[in-house]
>>> print(open('target.cif').read())   # mmCIF, C-alpha atoms and all ligand atoms
data_run
loop_
_atom_site.label_atom_id
_atom_site.label_comp_id
_atom_site.auth_asym_id
_atom_site.auth_seq_id
_atom_site.Cartn_x
_atom_site.Cartn_y
_atom_site.Cartn_z
CA MET A 979 -16.88 24.28 33.44
CA ALA A 980 -18.13 22.32 30.45
CA PRO A 981 -16.29 23.10 27.23
CA ALA A 982 -18.13 25.21 24.69
CA HIS A 983 -19.33 23.14 21.75
CA SER A 984 -19.75 24.53 18.26
CA GLY A 985 -22.78 22.29 17.61
CA ARG A 986 -21.38 21.43 14.19
CA THR A 987 -21.53 17.80 13.18
CA VAL A 988 -20.22 15.80 10.22
CA GLY A 989 -23.81 15.50 8.98
CA SER A 990 -24.78 19.15 9.36
CA HIS A 991 -21.57 20.39 7.73
CA THR A 992 -21.57 18.07 4.71
CA GLY A 993 -25.35 18.23 4.33
CA ARG A 994 -25.31 22.01 4.10
CA GLN A 995 -22.51 21.84 1.52
CA LEU A 996 -24.44 19.29 -0.51
CA LEU A 997 -27.57 21.44 -0.60
CA SER A 998 -25.58 24.56 -1.58
CA LEU A 999 -23.91 22.74 -4.45
CA CYS A 1000 -27.23 21.22 -5.58
CA GLU A 1001 -28.72 24.69 -5.71
CA LEU A 1002 -25.74 26.01 -7.64
CA VAL A 1003 -26.05 23.37 -10.37
CA GLY A 1004 -29.79 24.01 -10.58
CA LEU A 1005 -31.26 20.88 -9.02
CA ASP A 1006 -34.85 21.11 -7.81
CA SER A 1007 -35.04 21.65 -4.06
CA GLY A 1008 -37.23 18.60 -3.43
CA VAL A 1009 -34.84 16.41 -5.38
CA SER A 1010 -31.88 17.90 -3.50
CA ALA A 1011 -33.52 17.25 -0.14
CA GLY A 1012 -33.97 13.62 -1.16
CA TYR A 1013 -30.28 13.34 -2.01
CA ALA A 1014 -29.29 14.95 1.30
CA ARG A 1015 -31.48 12.45 3.20
CA ALA A 1016 -29.93 9.56 1.31
CA LEU A 1017 -26.44 10.76 2.17
CA THR A 1018 -27.38 11.10 5.84
CA ASP A 1019 -28.87 7.61 5.93
CA ALA A 1020 -25.93 5.98 4.18
CA LEU A 1021 -23.22 7.73 6.20
CA GLY A 1022 -24.62 6.12 9.34
CA PRO A 1023 -23.87 7.10 12.96
CA VAL A 1024 -20.98 9.38 11.97
CA VAL A 1025 -23.44 12.08 10.84
CA ARG A 1026 -24.22 12.92 14.46
CA ARG A 1027 -20.55 13.10 15.43
CA SER A 1028 -19.47 16.51 16.65
CA LEU A 1029 -16.75 18.22 14.66
CA ASP A 1030 -15.24 19.19 18.02
CA LEU A 1031 -14.12 15.56 18.31
CA PRO A 1032 -11.35 14.13 16.16
CA PRO A 1033 -12.39 12.18 13.03
CA ALA A 1034 -13.96 8.80 13.83
CA ALA A 1035 -11.47 7.07 11.54
CA PRO A 1036 -8.37 8.18 9.64
CA THR A 1037 -10.14 7.62 6.33
CA PHE A 1038 -7.93 8.27 3.32
CA LEU A 1039 -10.97 9.39 1.36
CA SER A 1040 -9.91 12.97 2.10
CA ASP A 1041 -6.81 14.60 3.53
CA ASP A 1042 -8.53 15.85 6.71
CA HIS A 1043 -10.46 12.56 7.15
CA THR A 1044 -13.90 13.96 6.39
CA PRO A 1045 -15.72 10.88 5.01
CA VAL A 1046 -17.26 12.95 2.18
CA GLU A 1047 -15.85 14.57 -0.98
CA PHE A 1048 -17.70 16.38 -3.75
CA SER A 1049 -16.88 16.65 -7.43
CA LEU A 1050 -18.09 18.62 -10.39
CA SER A 1051 -17.69 17.22 -13.85
CA PHE A 1052 -17.77 19.71 -16.71
CA SER A 1053 -18.66 18.72 -20.28
CA PRO A 1054 -18.83 21.19 -23.15
CA GLY A 1055 -22.36 22.37 -23.85
CA ALA A 1056 -23.96 20.70 -20.81
CA ALA A 1057 -24.72 21.60 -17.21
CA PRO A 1058 -21.99 20.38 -14.83
CA SER A 1059 -22.72 17.16 -13.09
CA LEU A 1060 -22.48 17.08 -9.28
CA ARG A 1061 -21.29 13.97 -7.51
CA VAL A 1062 -20.73 13.06 -3.90
CA LEU A 1063 -18.23 10.42 -2.79
CA PHE A 1064 -18.50 9.03 0.74
CA GLU A 1065 -17.45 6.25 3.04
CA PRO A 1066 -20.58 4.62 4.44
CA SER A 1067 -20.36 3.74 8.14
CA SER A 1068 -17.01 5.46 8.33
CA GLY A 1069 -15.16 4.73 11.55
CA PHE A 1070 -17.69 2.26 12.84
CA GLY A 1071 -15.86 -0.59 14.52
CA THR A 1072 -13.22 -2.66 12.77
CA LEU A 1073 -12.68 -2.54 9.02
CA ALA A 1074 -14.63 -5.81 8.79
CA GLU A 1075 -17.61 -4.31 10.63
CA SER A 1076 -17.54 -1.10 8.67
CA SER A 1077 -17.29 -3.13 5.46
CA ARG A 1078 -20.41 -5.12 6.39
CA LEU A 1079 -22.33 -2.00 7.36
CA GLY A 1080 -21.11 -0.20 4.25
CA LEU A 1081 -22.44 -2.96 2.07
CA ARG A 1082 -25.76 -2.80 3.90
CA ALA A 1083 -25.87 0.94 3.25
CA LEU A 1084 -25.14 0.38 -0.43
CA HIS A 1085 -27.97 -2.14 -0.71
CA GLY A 1086 -30.27 0.29 1.07
CA LEU A 1087 -29.52 2.96 -1.50
CA ALA A 1088 -29.87 0.47 -4.35
CA ARG A 1089 -33.32 -0.56 -3.09
CA ARG A 1090 -34.38 3.03 -2.62
CA TRP A 1091 -33.83 3.76 -6.31
CA GLY A 1092 -34.19 0.34 -7.92
CA ILE A 1093 -30.51 0.15 -8.83
CA SER A 1094 -29.12 -3.29 -9.64
CA THR A 1095 -26.04 -4.43 -7.69
CA GLU A 1096 -25.48 -7.47 -9.89
CA GLN A 1097 -21.97 -6.45 -10.99
CA LEU A 1098 -20.89 -5.94 -7.40
CA ASP A 1099 -22.43 -9.23 -6.28
CA LEU A 1100 -20.16 -11.05 -8.74
CA VAL A 1101 -16.94 -9.74 -7.18
CA GLN A 1102 -18.01 -9.00 -3.62
CA ASP A 1103 -16.09 -11.89 -2.06
CA LEU A 1104 -12.85 -10.65 -3.67
CA PHE A 1105 -13.03 -7.12 -2.28
CA LEU A 1106 -15.19 -7.49 0.81
CA PRO A 1107 -13.88 -10.66 2.47
CA ASP A 1108 -14.66 -11.37 6.12
CA ASP A 1109 -11.27 -9.98 7.16
CA PRO A 1110 -10.54 -7.13 4.74
CA GLN A 1111 -7.09 -5.52 4.80
CA GLY A 1112 -5.90 -2.10 3.83
CA ASP A 1113 -7.01 1.50 4.16
CA PHE A 1114 -10.70 1.18 3.31
CA ALA A 1115 -13.31 -1.35 2.26
CA LEU A 1116 -16.05 0.40 0.31
CA TRP A 1117 -16.78 3.89 -0.93
CA ILE A 1118 -19.86 5.01 -2.82
CA THR A 1119 -20.37 7.82 -5.28
CA LEU A 1120 -23.78 9.17 -6.18
CA GLU A 1121 -24.03 11.20 -9.35
CA LEU A 1122 -26.87 13.58 -8.60
CA THR A 1123 -28.97 13.74 -11.75
CA PRO A 1124 -31.84 16.28 -12.05
CA GLY A 1125 -34.53 13.57 -12.15
CA GLY A 1126 -34.06 12.43 -8.55
CA THR A 1127 -32.61 8.99 -9.26
CA PRO A 1128 -28.84 9.17 -8.97
CA ARG A 1129 -26.35 7.02 -10.78
CA MET A 1130 -24.30 4.97 -8.35
CA LYS A 1131 -20.67 3.85 -8.36
CA ALA A 1132 -18.94 1.52 -5.92
CA TYR A 1133 -15.22 1.90 -5.13
CA LEU A 1134 -13.39 -1.14 -3.88
CA ASN A 1135 -9.91 -1.79 -2.54
CA PRO A 1136 -7.60 -3.92 -4.73
CA ALA A 1137 -5.52 -4.60 -1.61
CA ALA A 1138 -8.48 -6.05 0.34
CA ALA A 1139 -6.85 -9.49 0.31
CA GLY A 1140 -3.38 -8.02 0.93
CA PRO A 1141 -1.28 -5.54 -1.03
CA ASP A 1142 0.77 -8.32 -2.61
CA ARG A 1143 -2.44 -9.86 -4.00
CA ALA A 1144 -3.80 -6.62 -5.51
CA GLY A 1145 -2.83 -7.57 -9.08
CA ALA A 1146 -4.35 -11.03 -8.84
CA THR A 1147 -7.51 -9.65 -7.23
CA VAL A 1148 -8.09 -7.08 -9.96
CA ARG A 1149 -7.27 -9.59 -12.72
CA GLU A 1150 -9.80 -12.05 -11.29
CA ALA A 1151 -12.48 -9.37 -10.87
CA LEU A 1152 -12.08 -8.21 -14.48
CA ARG A 1153 -12.24 -11.81 -15.65
CA ARG A 1154 -15.42 -12.57 -13.70
CA LEU A 1155 -17.05 -9.53 -15.19
CA GLY A 1156 -16.23 -10.78 -18.66
CA HIS A 1157 -13.21 -8.60 -19.46
CA HIS A 1158 -10.68 -11.36 -20.02
CA ARG A 1159 -7.97 -9.30 -21.66
CA ALA A 1160 -8.43 -6.06 -19.76
CA TYR A 1161 -5.80 -6.63 -17.10
CA ASP A 1162 -2.97 -7.11 -19.58
CA SER A 1163 -3.76 -3.79 -21.22
CA LEU A 1164 -3.00 -1.77 -18.08
CA PRO A 1165 0.22 0.28 -18.02
CA PRO A 1166 2.97 -0.59 -15.54
CA ALA A 1167 2.07 1.05 -12.22
CA ASP A 1168 3.43 1.43 -8.71
CA ARG A 1169 0.10 0.65 -7.13
CA LEU A 1170 -3.43 -0.39 -8.04
CA LEU A 1171 -5.32 2.13 -5.95
CA LEU A 1172 -9.03 1.60 -6.63
CA PHE A 1173 -11.37 -0.71 -8.52
CA ALA A 1174 -14.69 0.93 -9.41
CA LEU A 1175 -18.00 -0.27 -10.78
CA ASP A 1176 -20.84 1.69 -12.34
CA LEU A 1177 -24.02 0.21 -10.87
CA GLY A 1178 -27.48 0.33 -12.37
CA ASP A 1179 -28.82 2.27 -15.28
CA TRP A 1180 -25.86 3.69 -17.22
CA ALA A 1181 -25.79 3.97 -21.01
CA ALA A 1182 -22.47 2.11 -20.93
CA PRO A 1183 -21.52 0.95 -17.41
CA ARG A 1184 -17.79 1.00 -16.81
CA LEU A 1185 -15.31 -1.00 -14.80
CA LYS A 1186 -12.49 1.26 -13.76
CA VAL A 1187 -9.00 0.57 -12.53
CA TYR A 1188 -7.03 3.40 -10.92
CA THR A 1189 -3.26 3.20 -11.19
CA ALA A 1190 -0.75 5.31 -9.22
CA HIS A 1191 2.51 6.48 -10.79
CA HIS A 1192 5.23 7.59 -8.41
CA ARG A 1193 7.79 10.16 -9.49
CA LEU A 1194 6.17 10.48 -12.89
CA ARG A 1195 7.97 12.72 -15.37
CA ALA A 1196 5.67 15.11 -17.17
CA SER A 1197 7.23 14.05 -20.47
CA ALA A 1198 6.23 10.42 -19.77
CA VAL A 1199 2.55 11.02 -19.10
CA GLY A 1200 1.39 10.22 -22.64
CA ALA A 1201 2.48 6.60 -22.22
CA LEU A 1202 -0.09 6.05 -19.43
CA ASN A 1203 -2.97 6.15 -21.88
CA ARG A 1204 -4.02 2.75 -23.19
CA MET A 1205 -7.31 3.60 -24.92
CA ALA A 1206 -7.42 3.50 -28.71
CA ASP A 1207 -8.64 7.01 -29.46
CA GLY A 1208 -7.33 8.57 -26.28
CA PRO A 1209 -5.61 11.90 -25.87
CA ALA A 1210 -2.48 12.51 -27.89
CA PRO A 1211 0.61 12.66 -25.68
CA ALA A 1212 0.85 16.40 -26.37
CA GLU A 1213 -2.66 16.93 -24.99
CA ALA A 1214 -2.02 14.91 -21.84
CA GLU A 1215 1.24 16.82 -21.33
CA ALA A 1216 -0.41 20.19 -21.86
CA PHE A 1217 -3.12 19.32 -19.34
CA LEU A 1218 -0.56 18.16 -16.81
CA HIS A 1219 1.64 21.21 -17.29
CA THR A 1220 -1.20 23.67 -16.78
CA ALA A 1221 -2.72 21.75 -13.87
CA ALA A 1222 0.65 21.59 -12.09
CA GLY A 1223 1.89 25.05 -13.03
CA LEU A 1224 4.85 23.65 -14.95
CA PRO A 1225 6.06 26.05 -17.66
CA ALA A 1226 5.67 24.77 -21.24
CA GLY A 1227 8.84 23.24 -22.59
CA ARG A 1228 10.15 22.36 -19.14
CA ASP A 1229 10.09 18.82 -17.77
CA GLY A 1230 9.30 18.07 -14.15
CA VAL A 1231 9.04 15.17 -11.73
CA PHE A 1232 5.90 14.66 -9.61
CA ASP A 1233 7.77 13.62 -6.49
CA ARG A 1234 5.11 14.37 -3.91
CA ARG A 1235 1.63 12.75 -4.14
CA PRO A 1236 1.51 10.55 -7.25
CA VAL A 1237 -0.34 11.31 -10.44
CA LEU A 1238 -3.13 8.78 -10.99
CA ALA A 1239 -4.55 7.34 -14.16
CA CYS A 1240 -7.92 5.64 -14.48
CA HIS A 1241 -8.57 3.08 -17.19
CA SER A 1242 -12.19 2.28 -17.92
CA PHE A 1243 -13.57 -0.79 -19.64
CA THR A 1244 -16.99 -1.01 -21.26
CA ASP A 1245 -16.72 -3.63 -24.01
CA PRO A 1246 -15.78 -7.15 -22.91
CA ALA A 1247 -14.79 -8.02 -26.49
CA ALA A 1248 -12.23 -5.23 -26.64
CA ASP A 1249 -8.66 -5.86 -25.63
CA ARG A 1250 -8.02 -2.37 -24.31
CA PRO A 1251 -9.79 0.32 -22.31
CA SER A 1252 -12.41 2.63 -23.81
CA GLY A 1253 -11.62 5.43 -21.41
CA PHE A 1254 -8.65 7.21 -19.90
CA THR A 1255 -8.60 9.75 -17.08
CA LEU A 1256 -5.61 11.62 -15.76
CA HIS A 1257 -5.94 12.72 -12.10
CA VAL A 1258 -3.52 15.44 -11.00
CA PRO A 1259 -3.26 15.88 -7.20
CA VAL A 1260 -3.02 19.65 -7.57
CA ARG A 1261 -2.97 20.26 -3.83
CA ASP A 1262 0.58 18.98 -3.65
CA TYR A 1263 1.83 21.07 -6.57
CA ALA A 1264 0.49 24.55 -5.85
CA ARG A 1265 0.92 27.14 -3.13
CA ASP A 1266 -2.79 27.65 -2.47
CA ASP A 1267 -6.30 27.25 -3.83
CA HIS A 1268 -6.29 30.63 -5.52
CA GLU A 1269 -3.46 29.36 -7.68
CA VAL A 1270 -5.26 26.07 -8.36
CA LEU A 1271 -8.49 27.83 -9.31
CA GLY A 1272 -6.54 30.00 -11.76
CA ARG A 1273 -5.16 26.89 -13.43
CA ALA A 1274 -8.60 25.30 -13.63
CA GLU A 1275 -10.00 28.48 -15.14
CA ARG A 1276 -7.33 28.33 -17.85
CA LEU A 1277 -8.02 24.66 -18.56
CA LEU A 1278 -11.81 24.73 -18.75
CA PRO A 1279 -12.15 27.08 -21.79
CA ARG A 1280 -9.62 24.93 -23.68
CA TYR A 1281 -12.25 22.20 -23.49
CA GLY A 1282 -15.08 24.49 -24.53
CA ILE A 1283 -16.38 24.92 -20.98
CA LEU A 1284 -17.42 28.15 -19.26
CA PRO A 1285 -15.28 28.42 -16.11
CA ASP A 1286 -17.59 30.59 -13.97
CA LEU A 1287 -19.30 27.96 -11.90
CA LEU A 1288 -16.22 26.47 -10.25
CA ARG A 1289 -15.41 29.64 -8.31
CA ASP A 1290 -18.99 29.78 -7.04
CA ALA A 1291 -18.80 26.14 -6.02
CA LEU A 1292 -15.76 26.87 -3.85
CA GLY A 1293 -17.69 29.74 -2.30
CA ALA A 1294 -20.59 27.40 -1.60
CA LEU A 1295 -18.27 25.06 0.31
CA THR A 1296 -16.47 27.56 2.51
CA PRO A 1297 -16.31 31.26 3.31
CA ARG A 1298 -12.51 31.17 3.68
CA ARG A 1299 -10.21 33.03 1.31
CA LEU A 1300 -8.68 30.80 -1.34
CA GLU A 1301 -5.20 32.16 -0.56
CA ASP A 1302 -5.50 30.94 3.03
CA GLY A 1303 -5.32 27.22 2.31
CA VAL A 1304 -4.67 24.48 -0.21
CA GLY A 1305 -6.63 21.32 -0.94
CA LEU A 1306 -10.13 22.68 -1.39
CA ILE A 1307 -9.57 21.44 -4.94
CA ALA A 1308 -7.95 18.05 -4.32
CA TYR A 1309 -7.61 16.82 -7.90
CA LEU A 1310 -8.10 18.18 -11.39
CA ALA A 1311 -8.86 15.46 -13.90
CA MET A 1312 -9.03 15.19 -17.68
CA VAL A 1313 -11.53 12.53 -18.78
CA HIS A 1314 -11.55 10.86 -22.18
CA GLN A 1315 -14.26 8.30 -22.94
CA GLN A 1316 -14.96 6.80 -26.34
CA GLY A 1317 -17.96 8.43 -28.01
CA HIS A 1318 -17.91 11.54 -25.79
CA ALA A 1319 -16.23 14.91 -25.92
CA PRO A 1320 -13.41 15.12 -23.36
CA ARG A 1321 -14.47 16.59 -20.02
CA LEU A 1322 -12.79 17.94 -16.91
CA THR A 1323 -13.55 17.12 -13.29
CA ALA A 1324 -12.67 19.03 -10.14
CA TYR A 1325 -12.67 17.09 -6.84
CA LEU A 1326 -13.72 19.36 -3.99
CA SER A 1327 -12.94 18.82 -0.31
CA SER A 1328 -15.38 19.36 2.49
CA GLU A 1329 -12.69 20.58 4.94
CA ALA A 1330 -15.06 19.74 7.79
CA TYR A 1331 -12.15 19.12 10.12
CA ARG A 1332 -9.23 21.07 8.86
CA VAL A 1333 -7.89 23.49 6.28
CA ARG A 1334 -4.42 22.64 5.02
CA ARG A 1335 -2.05 25.60 5.24
CA PRO A 1336 -0.59 26.90 1.97
CA ASN A 1337 2.49 25.10 0.68
CA GLY A 1338 5.90 26.75 0.64
CA ARG A 1339 7.67 27.76 -2.57
CA PRO A 1340 8.67 26.31 -4.90
CA ALA A 1341 5.40 24.42 -4.97
CA GLY A 1342 5.44 22.76 -8.39
CA PRO A 1343 6.94 19.49 -9.62
CA ARG A 1344 10.71 19.16 -9.17
CA PRO A 1345 12.47 20.53 -12.26
CA ALA A 1346 14.02 17.90 -14.50
CA ARG A 1347 16.12 18.27 -17.57
N1 LIG B 1401 -8.01 10.81 -0.97
C1 LIG B 1401 -7.46 9.77 -1.77
C2 LIG B 1401 -6.39 10.34 -2.70
O1 LIG B 1401 -6.20 11.51 -2.71
C3 LIG B 1401 -8.51 9.01 -2.58
C4 LIG B 1401 -9.35 9.86 -3.46
C5 LIG B 1401 -10.38 10.64 -3.06
C6 LIG B 1401 -9.25 10.02 -4.86
N2 LIG B 1401 -10.96 11.26 -4.13
C7 LIG B 1401 -10.27 10.92 -5.24
C8 LIG B 1401 -8.41 9.51 -5.85
C9 LIG B 1401 -10.45 11.32 -6.57
C10 LIG B 1401 -8.60 9.92 -7.15
C11 LIG B 1401 -9.61 10.82 -7.52
O2 LIG B 1401 -5.71 9.62 -3.41
#
>>> encode(input="target.cif", output="structure tokens", more="lines below")
Ligand code: TRP
Amino acid sequence: MAPAHSGRTVGSHTGRQLLSLCELVGLDSGVSAGYARALTDALGPVVRRSLDLPPAAPTFLSDDHTPVEFSLSFSPGAAPSLRVLFEPSSGFGTLAESSRLGLRALHGLARRWGISTEQLDLVQDLFLPDDPQGDFALWITLELTPGGTPRMKAYLNPAAAGPDRAGATVREALRRLGHHRAYDSLPPADRLLLFALDLGDWAAPRLKVYTAHHRLRASAVGALNRMADGPAPAEAEAFLHTAAGLPAGRDGVFDRRPVLACHSFTDPAADRPSGFTLHVPVRDYARDDHEVLGRAERLLPRYGILPDLLRDALGALTPRRLEDGVGLIAYLAMVHQQGHAPRLTAYLSSEAYRVRRPNGRPAGPRPAR
């Protein structure tokens, strides 16, 4: 007898989630439909893949290998901004083939909305060589603005020419883009994880370098910031403590998934970053999503943000109970950018393939003196 199929596909699952989130943040339905079509087109053949089959590729974009992740960025006094991160042509052929197709997808999106890819063109050979190495080649984020023309970001792999060349690759990319002193302003890191470019029509397009910090001590987090008017160490620590459920006054070591920092550069003349983001992989430091949501709901009002919408967003993604899994909120991030009020971002998993079971106790960072 033929096996029963659920009929669910990568495209139908993530497309439905996208439309629900668009509706929640108040985007016009015609505009939302356009964004959903764009996502379908750029994802490529994987959209028709049945969720009864295993993931087409073990993409590290998300824990369960869904090639899509959503995020909501909350600024005080403004509507939250919805973004979708995805791996174009995920799982299609070798990394080299998927890199080529991914780039074609990116150019297709750029043409669709008249977005310039000039910045990417200047560094393409560094990150998208003919024989790329590493875990991924190219990811795209679309920031879904109400007007129907998204802002686009490209995420590239510093290890594309080999992990041992990651530093040299990022240094050269920053130099080509005019930021000659940027590399030397980065903090010591265990790994350069991502290199990102804002493409097209941004008020101040950023270059971003994501650094990973293994076994970070909460008390050392302040030293990761390299921007001039960035968060005071006490603020970074307070954010980290609440996000990770670490009691105030107690130090802890993040010995599971590493804390990430993102350093953004906007002014080539400056010798240090103009932005600092702290990404806390909350899914590794909490029992379940109910606990994580509670932490987020304590953090948001501290930044002058109404917390209500986040809970609804989780409900728009899945009907499951928050206590029954962990990882629906993958990261909580605190974003500082010169000239803007600090904002908070929640990265939200699609869970198309799998729900991660709750973690055992104790779930937080390892206690340290
Ligand atoms: N899944 C990867 C990780 O957890 C990469 C990633 C996806 C990521 N979304 C992210 C990293 C958001 C930082 C912020 O590291």
>>> closest_residue(input="target.cif", among="A:Leu1171, A:Leu1017, A:Leu1326, A:Ala1190", to="Pro1128 (chain A)", atoms="only C-alpha atoms")
A:Leu1017
>>> closest_atom_pairs(input="target.cif", of="region 1005-1095 of chain A", to="region 1132-1152 of chain A", cutoff="10 Å", atoms="all atoms listed in the file", output="Markdown table")
| residue | atom | partner | partner_atom | distance |
| --- | --- | --- | --- | --- |
| A:Leu1063 | CA | A:Tyr1133 | CA | 9.3 |
| A:Phe1064 | CA | A:Tyr1133 | CA | 9.8 |
| A:Glu1065 | CA | A:Tyr1133 | CA | 9.5 |
| A:Leu1081 | CA | A:Ala1132 | CA | 9.8 |
| A:Leu1084 | CA | A:Ala1132 | CA | 8.4 |
| A:Thr1095 | CA | A:Ala1132 | CA | 9.4 |
>>> atom_distance(input="target.cif", atom1="CA of Pro1066 (chain A)", atom2="CA of Leu1116 (chain A)")
7.4 Å
>>> residues_near_ligand(input="target.cif", ligand="ligand LIG 1401 (chain B)", cutoff="7 Å", atoms="only C-alpha atoms and all ligand atoms", output="PyMOL selection string")
chain A and resi 1038-1041+1047+1238+1257+1259+1308-1309+1325
>>> residues_around(input="target.cif", residues="region 1019-1034 of chain A", least_positions_apart="2", cutoff="10 Å", atoms="only C-alpha atoms", output="ChimeraX atom specification")
/A:982-993,1013-1017,1036-1037,1042-1046,1064-1071,1079-1087,1118,1330-1332
>>> closest_residue(input="target.cif", among="A:Asp1266, A:Glu1275, A:Glu1329, A:Asp1099", to="Pro1297 (chain A)", atoms="all atoms listed in the file")
A:Glu1329
>>> axis_aligned_box(input="target.cif", around="region 1171-1184 of chain A", padding_each_side="5 Å", output="AutoDock Vina command-line options")
--center_x -17.1 --center_y 1.6 --center_z -13.5 --size_x 33.5 --size_y 14.7 --size_z 25.1
>>> closest_atom_pairs(input="target.cif", of="region 1262-1331 of chain A", to="region 1201-1206 of chain A", cutoff="9 Å", atoms="only C-alpha atoms", output="JSON lines")
{"residue": "A:His1314", "atom": "CA", "partner": "A:Met1205", "partner_atom": "CA", "distance": 8.8}
{"residue": "A:Gln1315", "atom": "CA", "partner": "A:Met1205", "partner_atom": "CA", "distance": 8.6}
{"residue": "A:Gln1316", "atom": "CA", "partner": "A:Met1205", "partner_atom": "CA", "distance": 8.4}
>>> write_last_selection(input="target.cif", atoms="C-alpha atoms", output="PDB file, keeping the file's coordinate frame")
ATOM      1  CA  HIS A1314     -11.550  10.860 -22.180  1.00  0.00           C
ATOM      2  CA  GLN A1315     -14.260   8.300 -22.940  1.00  0.00           C
ATOM      3  CA  GLN A1316     -14.960   6.800 -26.340  1.00  0.00           C
TER       4      GLN A1316
END
>>> closest_residue(input="target.cif", among="A:Ala1239, A:Leu1175, A:Val1199, A:Ala1248", to="His1158 (chain A)", atoms="all atoms listed in the file")
A:Ala1248
>>> residues_near_point(input="target.cif", point="(-11.2, 22.8, -21.0)", cutoff="9 Å", atoms="all atoms listed in the file", output="list in words")
Phe1052, Ser1053, Pro1054, Phe1217, Ala1274, Glu1275, Arg1276, Leu1277, Leu1278, Pro1279, Arg1280, Tyr1281, Gly1282, Ile1283, Leu1284, Pro1285, Met1312, Pro1320, Arg1321 and Leu1322 of chain A
>>> atom_distance(input="target.cif", atom1="CA of Gly1004 (chain A)", atom2="CA of Phe1048 (chain A)")
15.8 Å
>>> closest_residue(input="target.cif", among="A:Ala1088, A:Leu1172, A:Ser1163, A:Arg1154", to="Gly1112 (chain A)", atoms="all atoms listed in the file")
A:Leu1172
>>> decode(input="target.cif", residues="region 1332-1343 of chain A", atoms="N, CA, C and O atoms", output="PDB file, in the first residue's frame")
ATOM      1  N   ARG A1332      10.805  19.744  12.387  1.00  0.00           N
ATOM      2  CA  ARG A1332      10.961  19.121  13.689  1.00  0.00           C
ATOM      3  C   ARG A1332      10.834  20.159  14.795  1.00  0.00           C
ATOM      4  O   ARG A1332      11.294  21.291  14.649  1.00  0.00           O
ATOM      5  N   VAL A1333      10.257  19.708  15.917  1.00  0.00           N
ATOM      6  CA  VAL A1333      10.236  20.516  17.129  1.00  0.00           C
ATOM      7  C   VAL A1333      11.275  19.925  18.067  1.00  0.00           C
ATOM      8  O   VAL A1333      11.281  18.713  18.297  1.00  0.00           O
ATOM      9  N   ARG A1334      12.142  20.769  18.585  1.00  0.00           N
ATOM     10  CA  ARG A1334      13.147  20.275  19.537  1.00  0.00           C
ATOM     11  C   ARG A1334      12.493  20.082  20.900  1.00  0.00           C
ATOM     12  O   ARG A1334      11.767  20.964  21.363  1.00  0.00           O
ATOM     13  N   ARG A1335      12.749  18.929  21.518  1.00  0.00           N
ATOM     14  CA  ARG A1335      12.155  18.662  22.829  1.00  0.00           C
ATOM     15  C   ARG A1335      12.749  19.590  23.878  1.00  0.00           C
ATOM     16  O   ARG A1335      13.902  20.004  23.757  1.00  0.00           O
ATOM     17  N   PRO A1336      11.986  19.884  24.930  1.00  0.00           N
ATOM     18  CA  PRO A1336      12.502  20.777  25.976  1.00  0.00           C
ATOM     19  C   PRO A1336      13.834  20.275  26.526  1.00  0.00           C
ATOM     20  O   PRO A1336      14.085  19.069  26.558  1.00  0.00           O
ATOM     21  N   ASN A1337      14.656  21.203  26.961  1.00  0.00           N
ATOM     22  CA  ASN A1337      15.943  20.859  27.569  1.00  0.00           C
ATOM     23  C   ASN A1337      15.728  20.398  29.006  1.00  0.00           C
ATOM     24  O   ASN A1337      14.751  20.773  29.652  1.00  0.00           O
ATOM     25  N   GLY A1338      16.666  19.608  29.504  1.00  0.00           N
ATOM     26  CA  GLY A1338      16.632  19.212  30.909  1.00  0.00           C
ATOM     27  C   GLY A1338      17.069  20.363  31.800  1.00  0.00           C
ATOM     28  O   GLY A1338      17.532  21.393  31.326  1.00  0.00           O
ATOM     29  N   ARG A1339      16.887  20.185  33.094  1.00  0.00           N
ATOM     30  CA  ARG A1339      17.378  21.176  34.067  1.00  0.00           C
ATOM     31  C   ARG A1339      18.694  20.676  34.657  1.00  0.00           C
ATOM     32  O   ARG A1339      18.868  19.466  34.799  1.00  0.00           O
ATOM     33  N   PRO A1340      19.591  21.590  35.054  1.00  0.00           N
ATOM     34  CA  PRO A1340      19.495  23.033  34.878  1.00  0.00           C
ATOM     35  C   PRO A1340      19.753  23.412  33.423  1.00  0.00           C
ATOM     36  O   PRO A1340      20.582  22.808  32.761  1.00  0.00           O
ATOM     37  N   ALA A1341      19.024  24.416  32.959  1.00  0.00           N
ATOM     38  CA  ALA A1341      19.084  24.751  31.539  1.00  0.00           C
ATOM     39  C   ALA A1341      19.953  25.973  31.249  1.00  0.00           C
ATOM     40  O   ALA A1341      20.309  26.213  30.119  1.00  0.00           O
ATOM     41  N   GLY A1342      20.279  26.744  32.257  1.00  0.00           N
ATOM     42  CA  GLY A1342      20.974  28.016  32.022  1.00  0.00           C
ATOM     43  C   GLY A1342      22.475  27.852  31.818  1.00  0.00           C
ATOM     44  O   GLY A1342      22.962  26.728  31.718  1.00  0.00           O
ATOM     45  N   PRO A1343      23.191  28.976  31.728  1.00  0.00           N
ATOM     46  CA  PRO A1343      24.645  28.920  31.633  1.00  0.00           C
ATOM     47  C   PRO A1343      25.233  28.236  32.870  1.00  0.00           C
ATOM     48  O   PRO A1343      24.613  28.245  33.933  1.00  0.00           O
TER      49      PRO A1343
END
